[in-house]
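All remarks here apply to the structure that follows.
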Amino acid sequence: MATAATAKGPAASGGAPSAGGKSVMGTRRWVAGLFLLPALVLLGALVVYPIGYTTWRSLFDKAGSGFVGLHNYASVFSDDSTLTALRNTAVWVVVAPVLATALGLVFAVLTERVSWGTAFKLVVFMPMAISMLAAGIIFRLVYEQDPARGAANAVVVGVHDTFAESSAYPGARPRPNGSLAASGGGSYTTRDAAGEGTAVGLPLIGVPAAKLPAGTADARPAAAGPGVSGTVWLDFKPGGGGEPGVIDAGEKALEGVKVEAVRDGRVVASATSGTDGTFSLPASAADARLRLPASNFAEPYNGVDWLGPTLVTPAIIGAYLWMWAGFAMVLIAAGLAGVPRELMEAARIDGANEWQVFRRITVPLLAPVLVVVVVTLMINVMKIFDLVYIVAPDTSKDEANVLALQLYLSSFGAGNDQGVGSAIGVILLLLVVPVMVFNIRRLRREARR
């Protein structure tokens with residue numbers, strides 16, 4: 001009796017259906033199918049039918065009435081915009097998931113070692129609560145070219161100006177056919193050499209009087225004396241009038257302008273204009289030409305053109321990392337909580353340093369979790385659309401184009417060609433399928449362990 005009961009036990013607990021078409025749990029198959037029916041209907045309506053219709057529509061022309069076969073696919077791979085989108089999508093797939101996972105791994109490991117790790121995780125994960133649209137608007141402002149508005153350029157300009165002197169009067173220039181002439185590189189040099197004991201006038205224009213520093217003094221003619229002297233001033237009289245090249249009453253001095261005495265291409269002396277615009281050079285400057293170097297007139301540094309054609313894609317990837325590094329950190333931190341601490345302690349006792357423990361123990365044990373994060377983010381970035389659409393300005397949108405955005409532009413934008421748009425959608429699906437198949441196989445392998 002015991003033997004018979006034992007023999008029947010595995011069969012009863014196996015996956016084979018029982019008599020009467022019931023499952024192991026005693027539920028009839030038609031009942032189980034009835035409960036699954038709503039999900040199957042939704043799956044068919046929202047997934048299967050759109051895929052089938054998109055594939056069918058990709059074989060027809062713009063109007064949808066003429067069958068063109070694979071012509072739309074040929075158009076896709078011969079269009080420069082689509083090829084750019086394909087290349088940028090490849091950059092996204094390779095770069096963004098790897099960087100986001102690496103940042104998440106670093107954050108997850110380091111936050112275990114600080115008492116405020118939970119608060120840090122909350123701050124890093126918080127951007128996930130923001131929609132892509134809102135994040136795009138935020139980073140469009142962050143990457144604004146004007147340092148007074150864009151946070152990124154405000155930082156860059158602040159650092160730059162800390163180590164580099166700003167020009168005294170950006171945009172200033174001499175009058176045409178005056179005593180000063182352009183001498184290359186943005187500098188201006190006197191046409192004639194200055195003799196010893198002479199006073200030289202260096203008039204400039206191009207500086208709005210309203211932009212002069214408050215309290216700027218009136219220009220004063222320099223007194224002749226030993227060496228070479230002169231005056232640098234704004235050759236513009238408020239209200240009009242005045243004689244060009246002559247210091248008229250009310251014309252303002254240009255303080256802080258560097259003046260160099262150049263002889264045979266070599267600087268022999270230099271000075272800086274004072275509050276009244278005057279300067280004085282030693283006797284060694286005699287018979288030399290006076291030069292105003294370009295550093296006096298260079299336009300202020302306005303930072304990096306983050307959203308220009310060259311950097312727009314890396315800049316948008318940076319915005320993506322801000323949002324999704326927290327997602328990677330949370331998943332990796334959950335996997336890290338299950339790593340046996342005994343292995344790490346044993347490695348430290350054997351003499352391994354923290355980098356060796358991280359590289360040879362932590363990362364290999366977290367490999368399954370890291371694969372999950374990378375694959376999930378790869379699928380996610382293939383569908384990236386709204387972040388690129390919002391952040392990239394019209395002037396560089398073509399350079400930032402991705403497949404999902406090109407699908408929208410081809411179908412509903414200026415092209416209004418849903419045949420080509422459907423072809424792009426099918427191509428995007430074919431790119432996602434291998435990643436999904438890899439993920440499913442990996443999940444099945446883990447389930448069999």
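By order in the structure tokens, chains are A, B, ...; within a chain, residues start at 1; ligands start at 1, following the order shown.
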
Q) What are the DSSP helix (DSSP H, G or I) residues of range 20-164 of chain A, as JSON, numbers by chain? A) {"A": [29, 30, 31, 32, 33, 34, 35, 36, 37, 38, 39, 40, 41, 42, 43, 44, 45, 46, 47, 48, 49, 50, 51, 52, 53, 54, 55, 56, 57, 71, 72, 73, 74, 75, 76, 80, 81, 82, 83, 84, 85, 86, 87, 88, 89, 90, 91, 92, 93, 94, 95, 96, 97, 98, 99, 100, 101, 102, 103, 104, 105, 106, 107, 108, 109, 110, 111, 117, 118, 119, 120, 121, 122, 123, 124, 125, 126, 127, 128, 129, 132, 133, 134, 135, 136, 137, 138, 139, 140, 141, 142, 151, 152, 153, 154, 155, 156, 157, 158, 159, 160, 161, 162, 163]}

Q: List the neighbours of Ala74 in chain A out to 12 Å using only C-alpha atoms; skip same-chain residues closer than 6 positions along the sequence, and give me the result as an MDAnalysis selection string.
A: chainID A and resid 58:59 68 82:83 419:420 423:424 427

Q.
According to DSSP computed on the backbone, where in range 99-287 of chain A is there strand (DSSP E)? Give the residues as a PyMOL selection string.
A. chain A and resi 180-182+188-190+199-204+228-234+258-263+266-272+278-281

(Q) I'd like the neighbourhood of range 299-303 of chain A as a ChimeraX atom specification, where a residue qualifies if any of its atoms comes within 6 Å (using only C-alpha atoms), though same-chain residues fewer than 6 positions away should be ignored. (A) /A:153,156-157,170

Put those residues in a file: N, CA, C and O atoms, as a CSV table (one decimal), in the first residue's frame.
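This went into selection37.csv:
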```csv
chain,number,residue,atom,x,y,z
A,153,ASN,N,26.5,76.5,-18.4
A,153,ASN,CA,27.5,77.5,-18.9
A,153,ASN,C,27.8,78.5,-17.8
A,153,ASN,O,28.9,79.1,-17.8
A,156,VAL,N,30.7,76.8,-16.2
A,156,VAL,CA,31.9,76.8,-17.1
A,156,VAL,C,32.5,78.2,-17.2
A,156,VAL,O,33.7,78.3,-17.1
A,157,VAL,N,31.6,79.2,-17.3
A,157,VAL,CA,32.1,80.6,-17.4
A,157,VAL,C,32.8,81.0,-16.1
A,157,VAL,O,33.8,81.7,-16.1
A,170,PRO,N,35.2,94.7,-24.7
A,170,PRO,CA,34.9,93.8,-25.8
A,170,PRO,C,34.2,94.6,-26.9
A,170,PRO,O,33.3,95.4,-26.7
```

**Q.** Nearest to Tyr320 in chain A by atom-to-atom distance, counting only C-alpha atoms, from A:Pro147, A:Val388, A:Glu446, A:Gly158
**A.** A:Val388

Q: Excluding Gly326 in chain A and residues on its chain fewer than 4 positions from it, collect all residues at most 12 Å away from it, counting only C-alpha atoms, and give them as number ranges by chain.
A: A: 99-108, 120-129, 320-322, 330-333, 373

Store the residues of this selection in a file with N, CA and C atoms, as a short mmCIF file (atom, residue, chain, number, x, y, z; two decimals), in the first residue's frame.
```cif
data_model
loop_
_atom_site.label_atom_id
_atom_site.label_comp_id
_atom_site.auth_asym_id
_atom_site.auth_seq_id
_atom_site.Cartn_x
_atom_site.Cartn_y
_atom_site.Cartn_z
N LEU A 99 26.83 53.62 -19.30
CA LEU A 99 27.13 54.69 -18.35
C LEU A 99 26.14 54.71 -17.19
N ALA A 100 24.86 54.54 -17.49
CA ALA A 100 23.86 54.55 -16.42
C ALA A 100 24.10 53.38 -15.45
N THR A 101 24.43 52.21 -15.99
CA THR A 101 24.70 51.06 -15.13
C THR A 101 25.96 51.28 -14.31
N ALA A 102 27.00 51.83 -14.93
CA ALA A 102 28.24 52.09 -14.20
C ALA A 102 28.01 53.09 -13.07
N LEU A 103 27.27 54.16 -13.35
CA LEU A 103 26.96 55.13 -12.30
C LEU A 103 26.12 54.50 -11.19
N GLY A 104 25.13 53.70 -11.58
CA GLY A 104 24.32 53.03 -10.58
C GLY A 104 25.12 52.09 -9.71
N LEU A 105 26.08 51.39 -10.32
CA LEU A 105 26.94 50.48 -9.56
C LEU A 105 27.81 51.26 -8.57
N VAL A 106 28.39 52.35 -9.02
CA VAL A 106 29.23 53.16 -8.13
C VAL A 106 28.40 53.73 -6.98
N PHE A 107 27.22 54.27 -7.31
CA PHE A 107 26.37 54.83 -6.27
C PHE A 107 25.95 53.76 -5.27
N ALA A 108 25.56 52.58 -5.77
CA ALA A 108 25.08 51.51 -4.89
C ALA A 108 26.17 51.03 -3.95
N PHE A 120 20.83 59.81 0.18
CA PHE A 120 21.47 59.99 -1.14
C PHE A 120 20.73 59.18 -2.20
N LYS A 121 20.35 57.95 -1.88
CA LYS A 121 19.60 57.13 -2.83
C LYS A 121 18.27 57.78 -3.19
N LEU A 122 17.63 58.38 -2.19
CA LEU A 122 16.35 59.05 -2.45
C LEU A 122 16.54 60.21 -3.42
N VAL A 123 17.60 61.00 -3.22
CA VAL A 123 17.84 62.15 -4.09
C VAL A 123 18.17 61.69 -5.50
N VAL A 124 18.99 60.64 -5.63
CA VAL A 124 19.38 60.16 -6.96
C VAL A 124 18.20 59.53 -7.69
N PHE A 125 17.34 58.84 -6.94
CA PHE A 125 16.20 58.16 -7.57
C PHE A 125 15.06 59.12 -7.87
N MET A 126 15.03 60.27 -7.22
CA MET A 126 13.91 61.20 -7.36
C MET A 126 13.63 61.62 -8.81
N PRO A 127 14.65 61.84 -9.67
CA PRO A 127 14.33 62.22 -11.06
C PRO A 127 13.46 61.22 -11.81
N MET A 128 13.42 59.96 -11.35
CA MET A 128 12.55 58.97 -12.00
C MET A 128 11.08 59.35 -11.89
N ALA A 129 10.75 60.18 -10.89
CA ALA A 129 9.36 60.60 -10.72
C ALA A 129 8.97 61.71 -11.68
N TYR A 320 19.58 62.07 -19.84
CA TYR A 320 19.04 60.72 -19.63
C TYR A 320 19.69 60.06 -18.42
N LEU A 321 20.99 60.22 -18.28
CA LEU A 321 21.69 59.62 -17.13
C LEU A 321 21.18 60.22 -15.83
N TRP A 322 20.89 61.51 -15.83
CA TRP A 322 20.35 62.14 -14.63
C TRP A 322 19.05 61.47 -14.19
N VAL A 330 19.06 51.57 -7.73
CA VAL A 330 18.13 50.85 -6.87
C VAL A 330 18.17 49.35 -7.15
N LEU A 331 18.16 48.95 -8.44
CA LEU A 331 18.21 47.53 -8.76
C LEU A 331 19.52 46.90 -8.32
N ILE A 332 20.63 47.60 -8.55
CA ILE A 332 21.93 47.04 -8.17
C ILE A 332 22.06 46.98 -6.65
N ALA A 333 21.54 47.98 -5.95
CA ALA A 333 21.58 47.96 -4.49
C ALA A 333 20.80 46.77 -3.94
N VAL A 373 19.90 45.19 -15.78
CA VAL A 373 19.84 46.65 -15.89
C VAL A 373 20.23 47.10 -17.28
#
```

Q: Skip range 428-438 of chain A itself and residues of its chain fewer than 4 positions away, then list as a PyMOL selection string all residues within 9 Å of it, counting only C-alpha atoms.
A: chain A and resi 51+375-376+378-379+382-383+403-404+423-424+442-443
